[in-house]
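Next up, input_1.csv (CSV, C-alpha atoms):
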```csv
chain,number,residue,atom,x,y,z
A,10,MET,CA,108.8,159.9,159.2
A,11,SER,CA,106.4,157.1,160.0
A,12,LYS,CA,105.9,154.7,157.1
A,13,ASN,CA,102.7,155.3,155.2
A,14,ASN,CA,101.1,152.3,153.5
A,15,ILE,CA,100.8,152.6,149.7
A,16,LEU,CA,98.9,150.4,147.3
A,17,VAL,CA,100.4,150.4,143.7
A,18,ILE,CA,98.1,149.7,140.8
A,19,GLU,CA,100.0,149.5,137.5
A,20,ASP,CA,99.6,147.1,134.6
A,21,GLU,CA,103.1,147.4,133.3
A,22,ALA,CA,105.2,145.0,135.4
A,23,ILE,CA,108.5,146.9,134.9
A,24,VAL,CA,107.0,150.3,135.7
A,25,SER,CA,105.2,148.8,138.7
A,26,LYS,CA,108.5,147.4,140.0
A,27,ASP,CA,110.3,150.8,139.5
A,28,ILE,CA,107.6,152.6,141.3
A,29,GLN,CA,107.7,150.3,144.3
A,30,GLN,CA,111.5,150.6,144.5
A,31,SER,CA,111.2,154.3,144.4
A,32,LEU,CA,108.6,154.3,147.2
A,33,LYS,CA,110.7,152.0,149.4
A,34,LYS,CA,113.7,154.3,148.9
A,35,LEU,CA,111.5,157.3,149.9
A,36,GLY,CA,110.5,155.5,153.1
A,37,TYR,CA,107.0,154.2,152.3
A,38,ASN,CA,105.6,150.8,152.9
A,39,ILE,CA,104.1,148.8,150.0
A,40,VAL,CA,101.0,146.9,151.1
A,41,GLY,CA,100.3,145.4,147.7
A,42,SER,CA,100.3,145.8,144.0
A,43,ALA,CA,97.9,144.8,141.2
A,44,ALA,CA,97.6,145.1,137.4
A,45,THR,CA,93.8,145.2,137.1
A,46,GLY,CA,91.0,147.4,138.4
A,47,GLU,CA,89.1,144.5,139.9
A,48,LYS,CA,92.1,143.4,141.9
A,49,ALA,CA,92.8,147.0,143.0
A,50,VAL,CA,89.3,147.2,144.6
A,51,VAL,CA,89.8,143.9,146.4
A,52,LEU,CA,93.3,144.8,147.7
A,53,ALA,CA,92.1,148.2,148.8
A,54,LEU,CA,89.3,146.7,150.9
A,55,GLU,CA,91.7,144.1,152.3
A,56,THR,CA,94.7,146.3,153.1
A,57,LYS,CA,93.1,149.7,153.7
A,58,PRO,CA,96.2,151.6,152.6
A,59,ASP,CA,96.9,155.3,153.4
A,60,LEU,CA,97.0,156.1,149.7
A,61,VAL,CA,96.5,154.4,146.3
A,62,LEU,CA,98.7,155.1,143.3
A,63,MET,CA,96.4,154.3,140.4
A,64,ASP,CA,97.3,153.9,136.7
A,65,ILE,CA,94.4,155.4,134.7
A,66,MET,CA,94.7,153.2,131.6
A,67,LEU,CA,94.5,149.7,133.0
A,68,LYS,CA,94.1,146.6,130.8
A,69,GLY,CA,90.9,144.7,131.3
A,70,GLU,CA,87.2,145.6,131.7
A,71,MET,CA,87.7,148.0,134.7
A,72,SER,CA,89.7,151.1,134.1
A,73,GLY,CA,91.7,152.8,136.7
A,74,ILE,CA,89.1,155.5,136.9
A,75,ASP,CA,86.3,153.0,137.5
A,76,ALA,CA,88.4,151.3,140.2
A,77,ALA,CA,89.2,154.6,141.9
A,78,GLU,CA,85.5,155.5,141.9
A,79,GLN,CA,84.6,152.2,143.7
A,80,ILE,CA,87.4,152.7,146.2
A,81,ARG,CA,86.2,156.2,146.9
A,82,GLU,CA,82.6,154.9,147.4
A,83,LYS,CA,83.7,152.2,149.8
A,84,LEU,CA,86.7,153.7,151.6
A,85,SER,CA,88.0,157.2,152.5
A,86,ILE,CA,91.4,156.7,150.9
A,87,PRO,CA,93.2,159.4,148.8
A,88,VAL,CA,94.0,158.3,145.2
A,89,ILE,CA,96.7,159.7,143.0
A,90,TYR,CA,96.5,158.9,139.3
A,91,LEU,CA,99.5,157.7,137.3
A,92,THR,CA,99.1,158.4,133.6
A,93,ALA,CA,101.0,158.9,130.4
A,94,TYR,CA,97.8,160.4,129.0
A,95,ALA,CA,96.9,164.0,129.8
A,96,ASP,CA,94.2,164.5,127.1
A,97,GLU,CA,91.1,166.5,128.1
A,98,SER,CA,88.7,163.6,127.7
A,99,THR,CA,90.6,161.4,130.1
A,100,LEU,CA,91.1,164.1,132.6
A,101,ALA,CA,87.4,165.1,132.5
A,102,LYS,CA,86.4,161.5,133.4
A,103,ALA,CA,89.1,161.3,136.1
A,104,LYS,CA,88.1,164.5,137.8
A,105,VAL,CA,84.7,163.1,138.7
A,106,THR,CA,86.4,160.7,141.1
A,107,GLU,CA,88.0,163.6,143.0
A,108,PRO,CA,91.6,162.4,142.9
A,109,TYR,CA,94.3,163.9,145.1
A,110,GLY,CA,96.6,164.5,142.3
A,111,TYR,CA,98.0,163.4,138.9
A,112,ILE,CA,101.5,162.2,138.1
A,113,ILE,CA,102.5,162.2,134.5
A,114,LYS,CA,104.7,159.3,133.4
A,115,PRO,CA,107.7,159.2,133.2
A,116,PHE,CA,108.2,161.0,136.5
A,117,LYS,CA,111.1,161.8,138.9
A,118,GLU,CA,111.2,160.5,142.5
A,119,VAL,CA,110.9,164.1,143.8
A,120,ASP,CA,107.6,164.4,141.9
A,121,LEU,CA,106.3,161.2,143.4
A,122,HIS,CA,107.4,162.2,146.9
A,123,THR,CA,105.9,165.6,146.6
A,124,SER,CA,102.5,164.4,145.3
A,125,ILE,CA,102.2,161.7,147.9
A,126,GLU,CA,103.0,164.0,150.8
A,127,MET,CA,100.7,166.7,149.6
A,128,ALA,CA,97.8,164.2,149.2
A,129,LEU,CA,98.4,162.7,152.6
A,130,TYR,CA,98.5,166.1,154.3
A,131,LYS,CA,95.3,167.3,152.5
A,132,HIS,CA,93.5,164.1,153.5
A,133,SER,CA,94.6,164.3,157.1
A,134,LYS,CA,93.3,167.9,157.3
A,135,GLU,CA,90.0,166.9,155.7
A,136,ARG,CA,89.6,164.2,158.2
A,137,GLU,CA,90.2,166.6,161.1
A,138,VAL,CA,87.5,168.9,159.7
A,139,ILE,CA,85.0,166.0,159.3
A,140,LYS,CA,85.8,164.8,162.9
A,141,GLU,CA,85.2,168.3,164.3
A,142,ARG,CA,82.0,168.7,162.2
A,143,ASP,CA,80.6,165.4,163.3
A,144,PHE,CA,81.4,166.2,167.0
A,145,LEU,CA,79.6,169.5,166.7
A,146,TYR,CA,76.6,167.9,165.0
A,147,SER,CA,76.4,165.3,167.8
A,148,VAL,CA,76.4,168.1,170.4
A,149,VAL,CA,73.8,170.0,168.4
A,150,GLU,CA,71.6,166.9,168.0
A,151,ASN,CA,71.6,166.4,171.8
A,152,GLN,CA,70.9,170.0,172.7
A,153,SER,CA,68.6,171.4,170.0
A,154,ALA,CA,65.5,170.0,171.6
A,155,GLU,CA,66.2,172.2,174.6
A,156,GLY,CA,66.4,175.3,172.5
A,157,VAL,CA,70.2,175.6,172.3
A,158,ILE,CA,72.9,174.7,169.9
A,159,PHE,CA,76.7,174.7,170.4
A,160,VAL,CA,78.9,176.4,167.8
A,161,LYS,CA,82.7,176.4,167.6
A,162,SER,CA,84.4,179.7,168.2
A,163,ASN,CA,88.1,180.2,168.8
A,164,SER,CA,88.6,176.6,169.7
A,165,ARG,CA,85.7,176.7,172.1
A,166,LEU,CA,82.2,175.3,171.9
A,167,VAL,CA,79.8,178.2,172.7
A,168,LYS,CA,76.2,177.6,173.7
A,169,VAL,CA,73.8,179.7,171.7
A,170,LYS,CA,70.1,179.9,172.4
A,171,THR,CA,68.1,179.4,169.2
A,172,SER,CA,65.8,182.2,170.3
A,173,SER,CA,68.7,184.7,170.0
A,174,ILE,CA,69.6,183.7,166.4
A,175,LEU,CA,68.6,186.4,163.8
A,176,PHE,CA,69.4,184.5,160.7
A,177,VAL,CA,71.8,182.0,159.1
A,178,GLU,CA,73.8,182.8,155.9
A,179,ALA,CA,75.5,180.5,153.5
A,180,LEU,CA,79.1,181.3,152.6
A,181,LYS,CA,80.6,178.7,150.2
A,182,ASP,CA,81.5,175.7,152.3
A,183,TYR,CA,80.6,177.5,155.5
A,184,VAL,CA,77.5,179.0,157.2
A,185,VAL,CA,77.5,182.1,159.3
A,186,ILE,CA,75.1,182.1,162.3
A,187,ASN,CA,74.2,185.7,163.2
A,188,VAL,CA,73.3,186.3,166.8
A,189,ASP,CA,72.7,190.1,167.4
A,190,ASP,CA,76.1,191.6,166.8
A,191,VAL,CA,78.0,188.3,167.0
A,192,LYS,CA,78.8,186.0,164.1
A,193,TYR,CA,79.8,182.4,164.3
A,194,THR,CA,81.3,180.8,161.2
A,195,ILE,CA,81.2,177.0,161.0
A,196,HIS,CA,82.0,174.4,158.4
A,197,SER,CA,78.6,173.1,157.4
A,198,THR,CA,75.8,173.3,154.8
A,199,MET,CA,72.5,175.1,154.9
A,200,LYS,CA,70.7,171.8,154.5
A,201,ASP,CA,72.4,170.3,157.6
A,202,ILE,CA,71.9,173.4,159.7
A,203,GLN,CA,68.3,173.7,158.8
A,204,LYS,CA,67.8,170.1,160.1
A,205,LYS,CA,69.3,171.2,163.5
A,206,LEU,CA,67.2,174.3,164.0
A,207,PRO,CA,63.6,174.1,165.3
A,208,ALA,CA,61.4,173.9,162.2
A,209,SER,CA,58.6,175.7,163.9
A,210,GLU,CA,60.8,178.8,164.6
A,211,PHE,CA,62.9,179.1,161.4
A,212,GLN,CA,62.2,179.4,157.7
A,213,ARG,CA,64.4,179.1,154.6
A,214,ILE,CA,63.7,182.3,152.6
A,215,HIS,CA,66.5,182.0,150.0
A,216,ARG,CA,69.0,179.4,149.0
A,217,SER,CA,71.5,181.4,151.1
A,218,TYR,CA,69.4,182.5,154.0
A,219,ILE,CA,67.4,181.0,156.9
A,220,VAL,CA,65.6,183.4,159.2
A,221,ARG,CA,64.0,183.1,162.6
A,222,LEU,CA,60.4,184.0,162.0
A,223,ASP,CA,59.9,186.2,165.1
A,224,LYS,CA,62.9,188.3,164.1
A,225,ILE,CA,61.2,189.5,160.9
A,226,ILE,CA,59.8,193.0,161.6
A,227,ALA,CA,58.7,193.9,158.0
A,228,ILE,CA,58.7,192.7,154.4
A,229,GLU,CA,59.8,195.2,151.8
A,230,GLN,CA,59.6,193.0,148.7
A,231,PRO,CA,61.8,191.4,147.5
A,232,ASN,CA,63.4,191.6,151.0
A,233,VAL,CA,62.6,190.9,154.6
A,234,VAL,CA,63.7,193.3,157.3
A,235,ILE,CA,65.3,191.7,160.3
A,236,GLU,CA,64.9,192.9,163.9
A,237,GLY,CA,66.7,196.2,164.5
A,238,GLY,CA,66.3,197.1,160.8
A,239,LYS,CA,70.0,196.4,160.4
A,240,LYS,CA,69.7,193.8,157.7
A,241,LEU,CA,67.7,193.3,154.5
A,242,LEU,CA,67.6,189.7,153.3
A,243,PRO,CA,66.4,188.7,149.8
A,244,ILE,CA,63.4,186.4,149.4
A,245,GLY,CA,64.0,183.7,146.8
A,246,GLY,CA,61.2,183.1,144.3
A,247,SER,CA,60.8,179.5,145.2
A,248,TYR,CA,60.6,180.2,149.0
A,249,LYS,CA,58.1,183.2,148.8
A,250,GLU,CA,54.9,181.2,149.0
A,251,GLU,CA,55.9,179.1,152.0
A,252,LEU,CA,57.2,182.2,153.8
A,253,PHE,CA,53.9,184.1,153.3
A,254,LYS,CA,51.9,181.0,154.6
A,255,ARG,CA,53.9,181.1,157.8
A,256,ILE,CA,53.7,184.8,158.7
A,257,ASN,CA,49.9,184.9,159.0
A,258,LEU,CA,49.4,187.3,156.1
A,259,VAL,CA,46.0,189.1,156.2
```

What is this file in C-alpha cells?
Amino acid sequence: MSKNNILVIEDEAIVSKDIQQSLKKLGYNIVGSAATGEKAVVLALETKPDLVLMDIMLKGEMSGIDAAEQIREKLSIPVIYLTAYADESTLAKAKVTEPYGYIIKPFKEVDLHTSIEMALYKHSKEREVIKERDFLYSVVENQSAEGVIFVKSNSRLVKVKTSSILFVEALKDYVVINVDDVKYTIHSTMKDIQKKLPASEFQRIHRSYIVRLDKIIAIEQPNVVIEGGKKLLPIGGSYKEELFKRINLV
C-alpha cells in the first residue's frame, strides 16, 4: 500500500500523539499536525494532504467545522471528523461541510483505518467522475457549434447530432438524452446540458425536461406530445409562457 499523506488536527496533545502513532503503525504518512483551526487551514494549503483528520471541538476562535469548511472551499481534500460529541446540533452544523466520515472518540485502530480507507476510495472515485465529466464537457464545447455533441456510452464517446435529439430528462444526478429509440445516460445536470445545446433549437419545459422544439407535434395541456406520439412530457407552470412564445401560437 502506498503511503497516503494525512494531516492531523487535534487540540489535545496526548490524543494527537496517539492518533499519529496509530496512523504510522497503519502505514500512513503524517505531513503535519495542529491544535487550532487557523493553523489547520494554513497547513492544509502548504502540505496538500490526501486526507484531513479534524477534531470538531477545537479551542480558539475557529472551530474544526469552520476550518473544514475553509479547506473544502480552497482544496479538494476529504475531511473526517474526530469527535467525542455526537449531539444533533453539532452533527447538523458538521454535515453542511460534507465530511467523508465521523469517528467517535475514543476509537479503535480498526475504526480509524476503515474510515480513512473508505474516505480515500470514495474521493478517488469522485475525482474519476469529475475528470470524465470535464473531458466530456470539453468535447461538447468544441463540437456543439457544429450541431453535434459527444456522449459517453459503454466506455465510448458517441457522436450524436443535436437535430436527432427528442428530449433530455433529469434523473437525480444524471441526465438521459433521448435519441429516437436510444437513450444515453450521463453524469451531469440539466443546467449544464442546457448550456451545451443550441438555445435556438431547444426549450426547457419543466425542471426535469428539455425538448427539441421541432420534435413537438402537439400540445395536450398540461403535456407536450413528442414526435412519433410515443411520449407525453409535462409542462411546468413557470415554463409555460416561454414555451408558447417560441412555438408561434396563433

Can you tell me, as an MDAnalysis selection string, what residues are no more than 12 Å from Glu250 of chain A when counting all atoms listed in the file, ignoring any on the same chain fewer than 6 positions away?
chainID A and resid 212:215 244 256:258

Give me the residues of segment 14-106 of chain A that have any atom at most 9 Å from an atom of segment 115-134 of chain A; for each, the nearest atom pair and the distance in Å, rounded to one decimal. Use all atoms listed in the file, sort by chain and number, and format it as a Markdown table.
```
| residue | atom | partner | partner_atom | distance |
| --- | --- | --- | --- | --- |
| A:Ile28 | CA | A:Glu118 | CA | 8.8 |
| A:Ser31 | CA | A:Glu118 | CA | 6.5 |
| A:Leu32 | CA | A:His122 | CA | 8.0 |
| A:Leu35 | CA | A:His122 | CA | 7.1 |
| A:Asp59 | CA | A:Leu129 | CA | 7.6 |
| A:Leu60 | CA | A:Leu129 | CA | 7.3 |
| A:Leu62 | CA | A:Ile125 | CA | 8.8 |
| A:Ser85 | CA | A:His132 | CA | 8.9 |
| A:Ile86 | CA | A:His132 | CA | 8.1 |
| A:Pro87 | CA | A:His132 | CA | 6.7 |
| A:Val88 | CA | A:Ala128 | CA | 8.1 |
| A:Ile89 | CA | A:Ile125 | CA | 7.6 |
| A:Thr92 | CA | A:Pro115 | CA | 8.6 |
| A:Ala93 | CA | A:Pro115 | CA | 7.3 |
```

For the residues in that selection, give me C-alpha atoms as a CSV table (one decimal), keeping the file's coordinate frame.
```
chain,number,residue,atom,x,y,z
A,28,ILE,CA,107.6,152.6,141.3
A,31,SER,CA,111.2,154.3,144.4
A,32,LEU,CA,108.6,154.3,147.2
A,35,LEU,CA,111.5,157.3,149.9
A,59,ASP,CA,96.9,155.3,153.4
A,60,LEU,CA,97.0,156.1,149.7
A,62,LEU,CA,98.7,155.1,143.3
A,85,SER,CA,88.0,157.2,152.5
A,86,ILE,CA,91.4,156.7,150.9
A,87,PRO,CA,93.2,159.4,148.8
A,88,VAL,CA,94.0,158.3,145.2
A,89,ILE,CA,96.7,159.7,143.0
A,92,THR,CA,99.1,158.4,133.6
A,93,ALA,CA,101.0,158.9,130.4
```

Tell me which protein, DNA and RNA residues are within 7 Å of segment 221-236 of chain A, counting all atoms listed in the file, leaving out same-chain ones fewer than 4 positions away, and put them as an MDAnalysis selection string.
chainID A and resid 174:176 210:212 240:244

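Distances to Ile112 of chain A were evaluated for A:Ala76, A:Met71, A:Val157, A:Met63 using all atoms listed in the file, and the minimum falls at A:Met63.
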
Separation of atom CA of Glu137 of chain A and atom CA of Leu84 of chain A, in Å?
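Distance between the two atoms: 16.4 Å.
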
Between A:Tyr37, A:Tyr109, A:Tyr90, A:Tyr218, which one has atoms that come closest to Ala179 of chain A, using all atoms listed in the file?
A:Tyr218

Taking into account all atoms listed in the file, which residue in the set A:Leu100, A:Ile15, A:Met66, A:Ile219 is nearest to Gly46 of chain A?
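Among A:Leu100, A:Ile15, A:Met66, A:Ile219, it is A:Met66 that comes nearest to Gly46 of chain A.
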
Using all atoms listed in the file, the residue out of A:Arg216, A:Lys205, A:Lys33, A:Lys170 with shortest distance to Asn13 of chain A is A:Lys33

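Separating atom CA of Asn14 of chain A from atom CA of Glu135 of chain A is a distance of 18.5 Å.
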
Measure the distance from atom CA of Glu78 of chain A to atom CA of Gly36 of chain A in Å and round it to one decimal.
27.4 Å

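The nearest approach to Ala208 of chain A among the residues A:Gly156, A:Gly246, A:Gly237, A:Gly69, with only C-alpha atoms taken into account, belongs to A:Gly156.
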
Segment 116-131 of chain A rebuilt with N, CA and C atoms, output as a tab-separated table (two decimals), in the coordinates of the input:
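Once everything was written out, this is part.tsv:
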```tsv
chain	number	residue	atom	x	y	z
A	116	PHE	N	108.12	160.02	135.43
A	116	PHE	CA	108.20	161.00	136.50
A	116	PHE	C	109.50	160.81	137.30
A	117	LYS	N	109.89	161.83	138.03
A	117	LYS	CA	111.10	161.80	138.90
A	117	LYS	C	110.60	161.40	140.32
A	118	GLU	N	111.54	160.89	141.11
A	118	GLU	CA	111.20	160.50	142.50
A	118	GLU	C	110.73	161.71	143.28
A	119	VAL	N	111.30	162.88	143.02
A	119	VAL	CA	110.90	164.10	143.80
A	119	VAL	C	109.44	164.42	143.48
A	120	ASP	N	108.99	164.19	142.23
A	120	ASP	CA	107.60	164.40	141.90
A	120	ASP	C	106.67	163.46	142.61
A	121	LEU	N	107.10	162.20	142.67
A	121	LEU	CA	106.30	161.20	143.40
A	121	LEU	C	106.20	161.49	144.84
A	122	HIS	N	107.33	161.84	145.44
A	122	HIS	CA	107.40	162.20	146.90
A	122	HIS	C	106.49	163.38	147.20
A	123	THR	N	106.63	164.42	146.40
A	123	THR	CA	105.90	165.60	146.60
A	123	THR	C	104.37	165.41	146.52
A	124	SER	N	103.96	164.69	145.48
A	124	SER	CA	102.50	164.40	145.30
A	124	SER	C	101.93	163.61	146.38
A	125	ILE	N	102.66	162.61	146.83
A	125	ILE	CA	102.20	161.70	147.90
A	125	ILE	C	102.03	162.52	149.22
A	126	GLU	N	103.06	163.27	149.55
A	126	GLU	CA	103.00	164.00	150.80
A	126	GLU	C	101.93	165.07	150.83
A	127	MET	N	101.74	165.74	149.71
A	127	MET	CA	100.70	166.70	149.60
A	127	MET	C	99.30	166.09	149.77
A	128	ALA	N	99.12	164.93	149.13
A	128	ALA	CA	97.80	164.20	149.20
A	128	ALA	C	97.56	163.72	150.62
A	129	LEU	N	98.57	163.17	151.27
A	129	LEU	CA	98.40	162.70	152.60
A	129	LEU	C	98.08	163.82	153.60
A	130	TYR	N	98.74	164.95	153.41
A	130	TYR	CA	98.50	166.10	154.30
A	130	TYR	C	97.08	166.63	154.07
A	131	LYS	N	96.69	166.77	152.81
A	131	LYS	CA	95.30	167.30	152.50
A	131	LYS	C	94.28	166.35	153.09
```
